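One file, final-v3.json, is given below (JSON, C-alpha atoms).
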[["chain", "number", "residue", "atom", "x", "y", "z"],
["A", 578, "MET", "CA", -37.97, -32.31, -21.31],
["A", 579, "ARG", "CA", -37.27, -35.99, -20.61],
["A", 580, "SER", "CA", -34.02, -37.18, -19.15],
["A", 581, "ARG", "CA", -32.00, -39.88, -20.94],
["A", 582, "ASP", "CA", -33.18, -42.65, -18.61],
["A", 583, "GLY", "CA", -36.76, -41.54, -19.00],
["A", 584, "ASP", "CA", -37.25, -40.73, -15.28],
["A", 585, "TYR", "CA", -39.00, -37.43, -15.81],
["A", 586, "SER", "CA", -40.38, -36.96, -12.29],
["A", 587, "PHE", "CA", -36.96, -37.51, -10.67],
["A", 588, "THR", "CA", -35.30, -34.87, -12.86],
["A", 589, "GLN", "CA", -38.13, -32.46, -12.18],
["A", 590, "SER", "CA", -37.89, -32.95, -8.43],
["A", 591, "ILE", "CA", -34.11, -32.42, -8.46],
["A", 592, "SER", "CA", -34.45, -29.21, -10.46],
["A", 593, "SER", "CA", -37.21, -27.94, -8.17],
["A", 594, "ILE", "CA", -35.03, -28.61, -5.10],
["A", 595, "ILE", "CA", -32.11, -26.73, -6.66],
["A", 596, "SER", "CA", -34.31, -23.77, -7.59],
["A", 597, "LEU", "CA", -35.82, -23.76, -4.08],
["A", 598, "LEU", "CA", -32.35, -23.71, -2.54],
["A", 599, "LEU", "CA", -31.30, -20.82, -4.77],
["A", 600, "CYS", "CA", -34.45, -18.87, -3.90],
["A", 601, "SER", "CA", -34.02, -19.54, -0.19],
["A", 602, "SER", "CA", -30.43, -18.32, -0.27],
["A", 603, "VAL", "CA", -31.65, -15.07, -1.84],
["A", 604, "ILE", "CA", -34.54, -14.72, 0.58],
["A", 605, "PHE", "CA", -32.61, -15.59, 3.76],
["A", 606, "ALA", "CA", -29.50, -13.52, 2.94],
["A", 607, "ASP", "CA", -29.13, -10.77, 5.52],
["A", 608, "GLU", "CA", -27.70, -7.36, 4.97],
["A", 609, "TYR", "CA", -25.28, -5.89, 7.45],
["A", 610, "ILE", "CA", -23.54, -2.56, 7.78],
["A", 611, "ILE", "CA", -19.88, -3.05, 8.71],
["A", 612, "SER", "CA", -17.28, -0.43, 9.47],
["A", 613, "TYR", "CA", -13.73, -0.86, 10.68],
["A", 614, "ARG", "CA", -11.14, 1.58, 11.91],
["A", 615, "TYR", "CA", -7.71, 1.37, 13.43],
["A", 616, "SER", "CA", -5.18, 3.94, 14.36],
["A", 617, "VAL", "CA", -1.43, 3.71, 14.70],
["A", 618, "LYS", "CA", 0.55, 6.25, 16.72],
["A", 619, "ASN", "CA", 4.31, 6.44, 16.38],
["A", 620, "ALA", "CA", 4.48, 3.05, 14.63],
["A", 621, "THR", "CA", 2.50, 1.30, 17.39],
["A", 622, "LEU", "CA", -1.12, 0.15, 17.16],
["A", 623, "TYR", "CA", -3.21, 2.45, 19.32],
["A", 624, "SER", "CA", -6.85, 1.43, 18.85],
["A", 625, "GLU", "CA", -8.92, -0.90, 16.71],
["A", 626, "THR", "CA", -12.70, -0.96, 16.37],
["A", 627, "LEU", "CA", -15.10, -3.07, 14.37],
["A", 628, "TYR", "CA", -18.75, -2.05, 14.14],
["A", 629, "VAL", "CA", -21.33, -4.55, 12.88],
["A", 630, "SER", "CA", -25.02, -3.77, 12.62],
["A", 631, "LYS", "CA", -27.98, -5.20, 10.75],
["A", 632, "ALA", "CA", -29.13, -2.92, 7.97],
["A", 633, "MET", "CA", -32.35, -1.13, 8.96],
["A", 634, "LYS", "CA", -33.38, -0.61, 5.37],
["A", 635, "LYS", "CA", -32.66, -2.48, 2.20],
["A", 636, "CYS", "CA", -29.29, -1.82, 0.63],
["A", 637, "MET", "CA", -28.96, -1.11, -3.05],
["A", 638, "GLY", "CA", -26.33, -2.67, -5.26],
["A", 639, "ARG", "CA", -24.91, -6.00, -6.28],
["A", 640, "PRO", "CA", -22.42, -8.23, -4.48],
["A", 641, "TYR", "CA", -19.06, -8.04, -6.24],
["A", 642, "ASP", "CA", -16.64, -10.08, -4.18],
["A", 643, "THR", "CA", -17.15, -12.92, -1.73],
["A", 644, "LEU", "CA", -15.41, -14.20, 1.35],
["A", 645, "LEU", "CA", -16.13, -17.57, 2.96],
["A", 646, "LEU", "CA", -15.58, -17.85, 6.69],
["A", 647, "GLU", "CA", -16.08, -20.75, 9.07],
["A", 648, "SER", "CA", -19.01, -19.93, 11.29],
["A", 649, "GLN", "CA", -18.60, -22.74, 13.89],
["A", 650, "LYS", "CA", -22.42, -22.86, 14.09],
["A", 651, "SER", "CA", -22.64, -19.29, 15.37],
["A", 652, "GLU", "CA", -25.34, -16.95, 14.10],
["A", 653, "ILE", "CA", -23.71, -13.77, 15.41],
["A", 654, "LEU", "CA", -21.75, -12.12, 12.65],
["A", 655, "LYS", "CA", -19.46, -10.10, 14.92],
["A", 656, "GLU", "CA", -18.34, -13.27, 16.72],
["A", 657, "ILE", "CA", -17.60, -14.96, 13.41],
["A", 658, "LEU", "CA", -15.63, -11.96, 12.15],
["A", 659, "LEU", "CA", -13.59, -11.74, 15.35],
["A", 660, "ALA", "CA", -12.86, -15.47, 15.21],
["A", 661, "ASN", "CA", -11.59, -15.09, 11.62],
["A", 662, "GLN", "CA", -10.10, -11.64, 12.12],
["A", 663, "ASP", "CA", -6.97, -12.05, 10.00],
["A", 664, "LYS", "CA", -8.87, -13.42, 6.99],
["A", 665, "PHE", "CA", -11.51, -10.71, 7.22],
["A", 666, "ILE", "CA", -8.98, -7.89, 7.53],
["A", 667, "GLU", "CA", -7.03, -9.18, 4.52],
["A", 668, "PHE", "CA", -10.34, -9.10, 2.66],
["A", 669, "LEU", "CA", -10.84, -5.48, 3.75],
["A", 670, "TYR", "CA", -7.39, -4.57, 2.37],
["A", 671, "LYS", "CA", -8.60, -5.86, -0.98],
["A", 672, "ILE", "CA", -11.89, -3.92, -0.82],
["A", 673, "GLY", "CA", -10.06, -0.73, 0.02],
["A", 674, "LEU", "CA", -9.38, 1.38, 3.08],
["A", 675, "SER", "CA", -9.21, 5.11, 3.54],
["A", 676, "VAL", "CA", -5.82, 6.33, 4.78],
["A", 677, "ARG", "CA", -5.33, 9.47, 6.84],
["A", 678, "TYR", "CA", -1.87, 10.30, 8.06],
["A", 679, "TYR", "CA", -0.68, 13.23, 10.15],
["A", 680, "GLU", "CA", 2.85, 13.96, 11.23],
["A", 681, "GLU", "CA", 4.09, 16.87, 13.28],
["A", 682, "THR", "CA", 7.68, 17.78, 13.94],
["A", 683, "LEU", "CA", 7.92, 20.35, 16.73],
["A", 684, "ASN", "CA", 11.43, 21.58, 17.53],
["A", 685, "GLY", "CA", 12.87, 18.35, 16.16],
["A", 686, "LYS", "CA", 10.49, 16.05, 18.07],
["A", 687, "ASN", "CA", 8.39, 13.91, 15.76],
["A", 688, "ASP", "CA", 4.85, 12.58, 16.31],
["A", 689, "SER", "CA", 2.87, 10.67, 13.73],
["A", 690, "SER", "CA", -0.51, 9.03, 13.53],
["A", 691, "THR", "CA", -2.06, 6.92, 10.80],
["A", 692, "ILE", "CA", -5.75, 6.06, 10.67],
["A", 693, "LEU", "CA", -7.09, 3.35, 8.38],
["A", 694, "THR", "CA", -10.86, 3.33, 7.96],
["A", 695, "LEU", "CA", -13.38, 1.20, 6.17],
["A", 696, "PRO", "CA", -16.30, 3.63, 5.76],
["A", 697, "SER", "CA", -19.68, 2.11, 6.67],
["A", 698, "LYS", "CA", -20.43, -0.37, 3.93],
["A", 699, "CYS", "CA", -23.33, -2.70, 3.26],
["A", 700, "PHE", "CA", -22.53, -6.41, 3.09],
["A", 701, "LYS", "CA", -24.74, -9.28, 2.05],
["A", 702, "VAL", "CA", -24.31, -12.18, 4.48],
["A", 703, "ASP", "CA", -25.48, -15.76, 3.91],
["A", 704, "PHE", "CA", -25.47, -18.02, 6.96],
["A", 705, "ASN", "CA", -25.09, -21.71, 6.32],
["A", 706, "ASP", "CA", -24.46, -24.71, 8.58],
["A", 707, "SER", "CA", -20.71, -24.42, 8.95],
["A", 708, "PHE", "CA", -19.73, -21.36, 7.01],
["A", 709, "VAL", "CA", -20.84, -17.86, 6.24],
["A", 710, "ARG", "CA", -20.55, -16.04, 2.93],
["A", 711, "ILE", "CA", -19.90, -12.30, 3.05],
["A", 712, "ALA", "CA", -20.05, -10.04, 0.00],
["A", 713, "PRO", "CA", -19.88, -6.25, -0.16],
["A", 714, "LEU", "CA", -22.51, -4.47, -2.24],
["A", 715, "LYS", "CA", -21.61, -2.00, -4.94],
["B", 1166, "MET", "CA", 72.72, 5.66, -25.83],
["B", 1167, "LYS", "CA", 71.47, 4.23, -22.55],
["B", 1168, "TYR", "CA", 70.81, 7.68, -21.11],
["B", 1169, "SER", "CA", 69.02, 8.81, -24.27],
["B", 1170, "LEU", "CA", 66.62, 5.83, -24.05],
["B", 1171, "VAL", "CA", 65.88, 6.62, -20.40],
["B", 1172, "LEU", "CA", 65.27, 10.28, -21.32],
["B", 1173, "ILE", "CA", 62.83, 9.33, -24.10],
["B", 1174, "ALA", "CA", 60.96, 7.05, -21.74],
["B", 1175, "LEU", "CA", 60.71, 9.78, -19.11],
["B", 1176, "LEU", "CA", 59.51, 12.30, -21.69],
["B", 1177, "SER", "CA", 56.78, 9.98, -22.94],
["B", 1178, "VAL", "CA", 55.58, 9.26, -19.37],
["B", 1179, "THR", "CA", 55.36, 12.98, -18.52],
["B", 1180, "SER", "CA", 53.50, 13.81, -21.74],
["B", 1181, "PHE", "CA", 50.97, 11.01, -21.04],
["B", 1182, "ALA", "CA", 50.42, 12.30, -17.51],
["B", 1183, "ALA", "CA", 49.93, 15.85, -18.81],
["B", 1184, "ASP", "CA", 47.29, 14.64, -21.28],
["B", 1185, "LYS", "CA", 45.39, 12.90, -18.47],
["B", 1186, "LYS", "CA", 45.56, 16.00, -16.29],
["B", 1187, "GLU", "CA", 44.27, 18.21, -19.12],
["B", 1188, "ASP", "CA", 41.22, 15.96, -19.57],
["B", 1189, "ALA", "CA", 40.53, 15.98, -15.87],
["B", 1190, "THR", "CA", 40.64, 19.75, -15.55],
["B", 1191, "GLN", "CA", 38.52, 20.42, -18.60],
["B", 1192, "VAL", "CA", 35.54, 18.38, -17.49],
["B", 1193, "THR", "CA", 33.84, 20.13, -14.58],
["B", 1194, "ILE", "CA", 30.60, 18.88, -13.14],
["B", 1195, "VAL", "CA", 28.69, 21.23, -10.88],
["B", 1196, "CYS", "CA", 26.15, 19.62, -8.62],
["B", 1197, "SER", "CA", 23.46, 21.66, -6.92],
["B", 1198, "THR", "CA", 21.26, 18.72, -6.01],
["B", 1199, "SER", "CA", 22.07, 15.48, -4.29],
["B", 1200, "ASN", "CA", 22.03, 13.32, -7.40],
["B", 1201, "CYS", "CA", 24.77, 15.15, -9.37],
["B", 1202, "VAL", "CA", 23.12, 14.61, -12.76],
["B", 1203, "LYS", "CA", 21.13, 17.74, -13.49],
["B", 1204, "GLN", "CA", 23.71, 20.50, -14.03],
["B", 1205, "THR", "CA", 26.85, 19.92, -16.06],
["B", 1206, "GLU", "CA", 29.45, 22.32, -17.32],
["B", 1207, "ILE", "CA", 31.78, 20.80, -19.92],
["B", 1208, "THR", "CA", 34.53, 22.65, -21.73],
["B", 1209, "ASN", "CA", 36.25, 19.86, -23.65],
["B", 1210, "PRO", "CA", 34.23, 19.14, -26.86],
["B", 1211, "VAL", "CA", 35.55, 15.57, -27.12],
["B", 1212, "ALA", "CA", 34.61, 14.71, -23.56],
["B", 1213, "LYS", "CA", 31.28, 16.52, -23.97],
["B", 1214, "SER", "CA", 29.76, 13.84, -26.17],
["B", 1215, "LYS", "CA", 30.93, 11.07, -23.86],
["B", 1216, "VAL", "CA", 29.47, 12.75, -20.77],
["B", 1217, "LYS", "CA", 26.20, 13.61, -22.53],
["B", 1218, "LYS", "CA", 25.52, 9.96, -23.11],
["B", 1219, "LYS", "CA", 26.13, 9.11, -19.48],
["B", 1220, "LEU", "CA", 24.12, 11.98, -17.99],
["B", 1221, "SER", "CA", 20.95, 11.59, -20.06],
["B", 1222, "PRO", "CA", 17.91, 12.42, -17.89],
["B", 1223, "LYS", "CA", 16.30, 9.42, -16.19],
["B", 1224, "LYS", "CA", 12.94, 8.46, -17.69],
["B", 1225, "GLU", "CA", 10.25, 9.11, -15.11],
["B", 1226, "ASP", "CA", 7.53, 6.58, -14.29],
["B", 1227, "VAL", "CA", 4.49, 7.73, -16.24],
["B", 1228, "LEU", "CA", 1.16, 5.93, -16.33],
["B", 1229, "ASP", "CA", 0.26, 5.36, -19.97],
["B", 1230, "THR", "CA", -2.44, 3.29, -21.64],
["B", 1231, "ARG", "CA", -0.19, 0.40, -22.63],
["B", 1232, "HIS", "CA", 1.69, -0.26, -19.40],
["B", 1233, "ASN", "CA", 0.65, -0.76, -15.81],
["B", 1234, "LEU", "CA", 2.62, 0.84, -13.00],
["B", 1235, "LEU", "CA", 3.73, -1.33, -10.09],
["B", 1236, "ILE", "CA", 4.35, 0.43, -6.81],
["B", 1237, "ASN", "CA", 6.23, -1.46, -4.13],
["B", 1238, "VAL", "CA", 6.66, -0.25, -0.54],
["B", 1239, "ILE", "CA", 7.91, -1.61, 2.78],
["B", 1240, "GLY", "CA", 6.02, -0.55, 5.90],
["B", 1241, "GLN", "CA", 7.43, -0.85, 9.39],
["B", 1242, "GLY", "CA", 5.69, -1.25, 12.71],
["B", 1243, "VAL", "CA", 6.53, -2.21, 16.27],
["B", 1244, "ALA", "CA", 4.54, -4.07, 18.89],
["B", 1245, "PRO", "CA", 3.31, -2.23, 22.00],
["B", 1246, "ALA", "CA", 5.34, -2.74, 25.19],
["B", 1247, "ASN", "CA", 2.60, -4.50, 27.15],
["B", 1248, "THR", "CA", 1.62, -7.53, 25.09],
["B", 1249, "SER", "CA", 0.50, -10.82, 26.61],
["B", 1250, "SER", "CA", 2.21, -13.13, 24.12],
["B", 1251, "PRO", "CA", 4.68, -13.05, 21.22],
["B", 1252, "ALA", "CA", 1.80, -13.95, 18.87],
["B", 1253, "GLN", "CA", -0.16, -10.90, 19.98],
["B", 1254, "ALA", "CA", 2.94, -8.74, 19.59],
["B", 1255, "TYR", "CA", 3.37, -10.04, 16.05],
["B", 1256, "ALA", "CA", -0.28, -9.41, 15.15],
["B", 1257, "LEU", "CA", -0.23, -5.86, 16.52],
["B", 1258, "ALA", "CA", 3.11, -5.02, 14.93],
["B", 1259, "LYS", "CA", 1.83, -6.32, 11.60],
["B", 1260, "ARG", "CA", -1.23, -4.04, 11.81],
["B", 1261, "ALA", "CA", 1.04, -1.06, 12.42],
["B", 1262, "ALA", "CA", 3.32, -2.07, 9.55],
["B", 1263, "VAL", "CA", 0.38, -2.43, 7.15],
["B", 1264, "ALA", "CA", -0.85, 1.05, 8.10],
["B", 1265, "ASP", "CA", 2.64, 2.41, 7.41],
["B", 1266, "ALA", "CA", 2.73, 0.63, 4.05],
["B", 1267, "TYR", "CA", -0.68, 2.07, 3.15],
["B", 1268, "ARG", "CA", 0.59, 5.52, 4.04],
["B", 1269, "LEU", "CA", 3.64, 5.06, 1.81],
["B", 1270, "ILE", "CA", 1.45, 3.94, -1.10],
["B", 1271, "ALA", "CA", -0.82, 6.96, -0.60],
["B", 1272, "GLU", "CA", 2.24, 9.24, -0.44],
["B", 1273, "LYS", "CA", 3.56, 7.87, -3.72],
["B", 1274, "VAL", "CA", 0.29, 7.88, -5.60],
["B", 1275, "LYS", "CA", -1.46, 10.98, -4.31],
["B", 1276, "GLY", "CA", 1.25, 13.08, -2.72],
["B", 1277, "VAL", "CA", 1.92, 14.75, 0.62],
["B", 1278, "ARG", "CA", 0.71, 18.09, 1.94],
["B", 1279, "ILE", "CA", 3.42, 19.89, 3.89],
["B", 1280, "ASP", "CA", 2.95, 22.95, 6.09],
["B", 1281, "GLY", "CA", 5.84, 24.59, 7.84],
["B", 1282, "GLN", "CA", 5.99, 27.39, 10.38],
["B", 1283, "ASP", "CA", 8.99, 28.99, 12.11],
["B", 1284, "LEU", "CA", 8.72, 31.54, 14.88],
["B", 1285, "ILE", "CA", 11.77, 33.77, 15.15],
["B", 1286, "LYS", "CA", 12.17, 36.22, 18.03],
["B", 1287, "ASN", "CA", 15.20, 38.43, 18.60],
["B", 1288, "MET", "CA", 17.02, 36.71, 15.75],
["B", 1289, "MET", "CA", 16.50, 33.29, 17.35],
["B", 1290, "VAL", "CA", 14.26, 30.41, 16.36],
["B", 1291, "LYS", "CA", 11.74, 30.03, 19.16],
["B", 1292, "ARG", "CA", 9.55, 27.38, 17.58],
["B", 1293, "SER", "CA", 9.85, 25.34, 14.42],
["B", 1294, "THR", "CA", 6.88, 23.25, 13.26],
["B", 1295, "ILE", "CA", 6.52, 21.02, 10.22],
["B", 1296, "ARG", "CA", 3.17, 19.33, 9.61],
["B", 1297, "THR", "CA", 2.70, 16.72, 6.91],
["B", 1298, "SER", "CA", -0.54, 15.00, 6.01],
["B", 1299, "VAL", "CA", -1.74, 12.41, 3.54],
["B", 1300, "GLN", "CA", -5.31, 11.47, 2.71],
["B", 1301, "ALA", "CA", -6.29, 8.84, 0.16],
["B", 1302, "MET", "CA", -8.38, 5.75, -0.54],
["B", 1303, "VAL", "CA", -6.30, 2.69, -1.39],
["B", 1304, "ARG", "CA", -7.85, -0.35, -3.06],
["B", 1305, "ASN", "CA", -6.39, -3.69, -4.20],
["B", 1306, "ALA", "CA", -3.13, -3.44, -2.30],
["B", 1307, "ASN", "CA", -1.49, -6.83, -1.78],
["B", 1308, "ILE", "CA", 0.80, -8.02, 0.97],
["B", 1309, "ILE", "CA", 3.87, -9.66, -0.60],
["B", 1310, "GLU", "CA", 6.02, -10.53, 2.36],
["B", 1311, "THR", "CA", 5.97, -10.12, 6.13],
["B", 1312, "THR", "CA", 9.05, -10.34, 8.33],
["B", 1313, "PHE", "CA", 9.24, -10.02, 12.10],
["B", 1314, "LYS", "CA", 12.65, -9.56, 13.66],
["B", 1315, "GLU", "CA", 13.62, -8.21, 17.06],
["B", 1316, "GLY", "CA", 10.25, -6.58, 17.67],
["B", 1317, "LEU", "CA", 10.13, -4.84, 14.30],
["B", 1318, "CYS", "CA", 7.64, -6.03, 11.72],
["B", 1319, "GLU", "CA", 8.20, -5.22, 8.06],
["B", 1320, "VAL", "CA", 5.44, -5.66, 5.52],
["B", 1321, "GLU", "CA", 6.14, -5.46, 1.82],
["B", 1322, "MET", "CA", 3.09, -4.34, -0.13],
["B", 1323, "GLU", "CA", 2.49, -3.66, -3.77],
["B", 1324, "ILE", "CA", -0.22, -2.08, -5.83],
["B", 1325, "THR", "CA", -0.72, -2.14, -9.58],
["B", 1326, "LEU", "CA", -2.00, 1.02, -11.17],
["B", 1327, "SER", "CA", -3.54, 1.10, -14.60],
["B", 1328, "ARG", "CA", -4.73, 4.07, -16.60],
["B", 1329, "ASN", "CA", -8.36, 2.93, -16.73],
["B", 1330, "GLN", "CA", -8.65, 3.07, -12.92],
["B", 1331, "PHE", "CA", -8.58, 6.85, -13.09],
["B", 1332, "PRO", "CA", -11.34, 8.99, -14.62],
["B", 1333, "GLN", "CA", -10.20, 10.42, -17.98]]

In structure tokens, write the structure found in this file.
Amino acid sequence: MRSRDGDYSFTQSISSIISLLLCSSVIFADEYIISYRYSVKNATLYSETLYVSKAMKKCMGRPYDTLLLESQKSEILKEILLANQDKFIEFLYKIGLSVRYYEETLNGKNDSSTILTLPSKCFKVDFNDSFVRIAPLK
Amino acid sequence: MKYSLVLIALLSVTSFAADKKEDATQVTIVCSTSNCVKQTEITNPVAKSKVKKKLSPKKEDVLDTRHNLLINVIGQGVAPANTSSPAQAYALAKRAAVADAYRLIAEKVKGVRIDGQDLIKNMMVKRSTIRTSVQAMVRNANIIETTFKEGLCEVEMEITLSRNQFPQ
């Protein structure tokens, strides 16, 4: 197909570059297993843990939601997530968290604990120059 | 003449008061629950229709195919005592408040399991235990508003439920 100005080779080279970029983003996308958990005891935050690990085998599924985070030229995902903690945790609220709540009242004395957990989930992660794209797989 | 007018006026006032009193005694509402709506005992047939209209049962929130259900909760959390800065205190209190809000959503949507146990010895309560627990998975909950005042953080969250989210 010829372009309107007749510069066929230029159009072809542009399209090949775009297709190459798309292929590279698919090839170089990493898969990570992320899990997150925090517990609250008597209305006060007690512990918070974030586990990040590279997937040891290929994950199945398609990415269904994306989050863009500034990477500040870091290649370590955990560092990026901790630097953008608030954004990432708001994203987790959207994905869904498991809630477990226990309360015990013994002779009128009340104790409660709430645990929010993101069960281990596979995420597709694309590293770019200044940002990183994270998408959970379904 | 003057005295007769005064007498008529007095008679009319007393008859009006008696009418009022009769109405008041005939309508008796017996409440066994806190919201005084469920049980009614009405003897006056005229008042009965009036009261029936007022005490019609409240329509419960039911998830149907046409309408979505919006659940709104406010979670509360406090910062730990040993925080290094007010910003850290805010962040930690917000986490706790979000967890509380999630718990409230789960309580409303899925329900609460309650176990109670009382140990009575020699006609005296030795130990009284109440355990409540909630377990659920909450998706697509949104934070509407966050307020932080005097060490207490309040997070308002809402979730929209639609019929097609649940397996039929």

Counting all atoms listed in the file, which residues from chain B have an atom at most 7 Å from any atom of chain A, and could you show them as number ranges by chain? B: 1242-1245, 1257-1258, 1260-1261, 1264, 1267-1268, 1292-1306

Dump C-alpha atoms for the selected residues as an mmCIF file, in the coordinates of the input?
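Full text of out-v3.cif as output:
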data_model
loop_
_atom_site.group_PDB
_atom_site.id
_atom_site.type_symbol
_atom_site.label_atom_id
_atom_site.label_comp_id
_atom_site.auth_asym_id
_atom_site.auth_seq_id
_atom_site.Cartn_x
_atom_site.Cartn_y
_atom_site.Cartn_z
ATOM 1 C CA GLY B 1242 5.690 -1.250 12.710
ATOM 2 C CA VAL B 1243 6.530 -2.210 16.270
ATOM 3 C CA ALA B 1244 4.540 -4.070 18.890
ATOM 4 C CA PRO B 1245 3.310 -2.230 22.000
ATOM 5 C CA LEU B 1257 -0.230 -5.860 16.520
ATOM 6 C CA ALA B 1258 3.110 -5.020 14.930
ATOM 7 C CA ARG B 1260 -1.230 -4.040 11.810
ATOM 8 C CA ALA B 1261 1.040 -1.060 12.420
ATOM 9 C CA ALA B 1264 -0.850 1.050 8.100
ATOM 10 C CA TYR B 1267 -0.680 2.070 3.150
ATOM 11 C CA ARG B 1268 0.590 5.520 4.040
ATOM 12 C CA ARG B 1292 9.550 27.380 17.580
ATOM 13 C CA SER B 1293 9.850 25.340 14.420
ATOM 14 C CA THR B 1294 6.880 23.250 13.260
ATOM 15 C CA ILE B 1295 6.520 21.020 10.220
ATOM 16 C CA ARG B 1296 3.170 19.330 9.610
ATOM 17 C CA THR B 1297 2.700 16.720 6.910
ATOM 18 C CA SER B 1298 -0.540 15.000 6.010
ATOM 19 C CA VAL B 1299 -1.740 12.410 3.540
ATOM 20 C CA GLN B 1300 -5.310 11.470 2.710
ATOM 21 C CA ALA B 1301 -6.290 8.840 0.160
ATOM 22 C CA MET B 1302 -8.380 5.750 -0.540
ATOM 23 C CA VAL B 1303 -6.300 2.690 -1.390
ATOM 24 C CA ARG B 1304 -7.850 -0.350 -3.060
ATOM 25 C CA ASN B 1305 -6.390 -3.690 -4.200
ATOM 26 C CA ALA B 1306 -3.130 -3.440 -2.300
#

Excluding region 640-648 of chain A and any residue of its chain fewer than 4 positions from it, enumerate the residues within 12 Å of it, using all atoms listed in the file, and give them as a compact mmCIF listing (two decimals) with C-alpha atoms, in the frame of the given file.
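Everything below was put into result.txt:
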# COMPACT_ATOMS: atom_id res chain seq x y z
CA VAL A 603 -31.65 -15.07 -1.84
CA ALA A 606 -29.50 -13.52 2.94
CA GLU A 608 -27.70 -7.36 4.97
CA CYS A 636 -29.29 -1.82 0.63
CA GLU A 652 -25.34 -16.95 14.10
CA ILE A 653 -23.71 -13.77 15.41
CA LEU A 654 -21.75 -12.12 12.65
CA LYS A 655 -19.46 -10.10 14.92
CA GLU A 656 -18.34 -13.27 16.72
CA ILE A 657 -17.60 -14.96 13.41
CA LEU A 658 -15.63 -11.96 12.15
CA LEU A 659 -13.59 -11.74 15.35
CA ALA A 660 -12.86 -15.47 15.21
CA ASN A 661 -11.59 -15.09 11.62
CA GLN A 662 -10.10 -11.64 12.12
CA ASP A 663 -6.97 -12.05 10.00
CA LYS A 664 -8.87 -13.42 6.99
CA PHE A 665 -11.51 -10.71 7.22
CA ILE A 666 -8.98 -7.89 7.53
CA GLU A 667 -7.03 -9.18 4.52
CA PHE A 668 -10.34 -9.10 2.66
CA LEU A 669 -10.84 -5.48 3.75
CA LYS A 671 -8.60 -5.86 -0.98
CA ILE A 672 -11.89 -3.92 -0.82
CA LYS A 698 -20.43 -0.37 3.93
CA CYS A 699 -23.33 -2.70 3.26
CA PHE A 700 -22.53 -6.41 3.09
CA LYS A 701 -24.74 -9.28 2.05
CA VAL A 702 -24.31 -12.18 4.48
CA ASP A 703 -25.48 -15.76 3.91
CA PHE A 704 -25.47 -18.02 6.96
CA ASN A 705 -25.09 -21.71 6.32
CA ASP A 706 -24.46 -24.71 8.58
CA SER A 707 -20.71 -24.42 8.95
CA PHE A 708 -19.73 -21.36 7.01
CA VAL A 709 -20.84 -17.86 6.24
CA ARG A 710 -20.55 -16.04 2.93
CA ILE A 711 -19.90 -12.30 3.05
CA ALA A 712 -20.05 -10.04 0.00
CA PRO A 713 -19.88 -6.25 -0.16
CA LEU A 714 -22.51 -4.47 -2.24
CA LYS A 715 -21.61 -2.00 -4.94

Leaving out region 1227-1239 of chain B and any residue of its chain fewer than 4 positions from it, which residues lie within 9 Å of it when counting only C-alpha atoms, given as a ChimeraX atom specification? /B:1262-1263,1265-1267,1269-1270,1273-1274,1319-1329

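Going from CA of Cys1318 (chain B) over to CA of Val1277 (chain B), you cover 24.2 Å.
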
Interatomic distance, CA of Thr626 (chain A) to CA of Arg639 (chain A) (Å, one decimal): 26.2 Å

Calculate how many Å separate CA of Ser651 (chain A) from CA of Val629 (chain A), rounding to one decimal.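 Those two atoms sit 15.0 Å apart.
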
Size and centre in Å, one decimal, axis-aligned box, all listed region 1266-1273 of chain B atoms plus 4 Å per side, as lines of an AutoDock Vina configuration file:
center_x = 1.4
center_y = 4.9
center_z = 0.2
size_x = 12.5
size_y = 16.6
size_z = 15.8
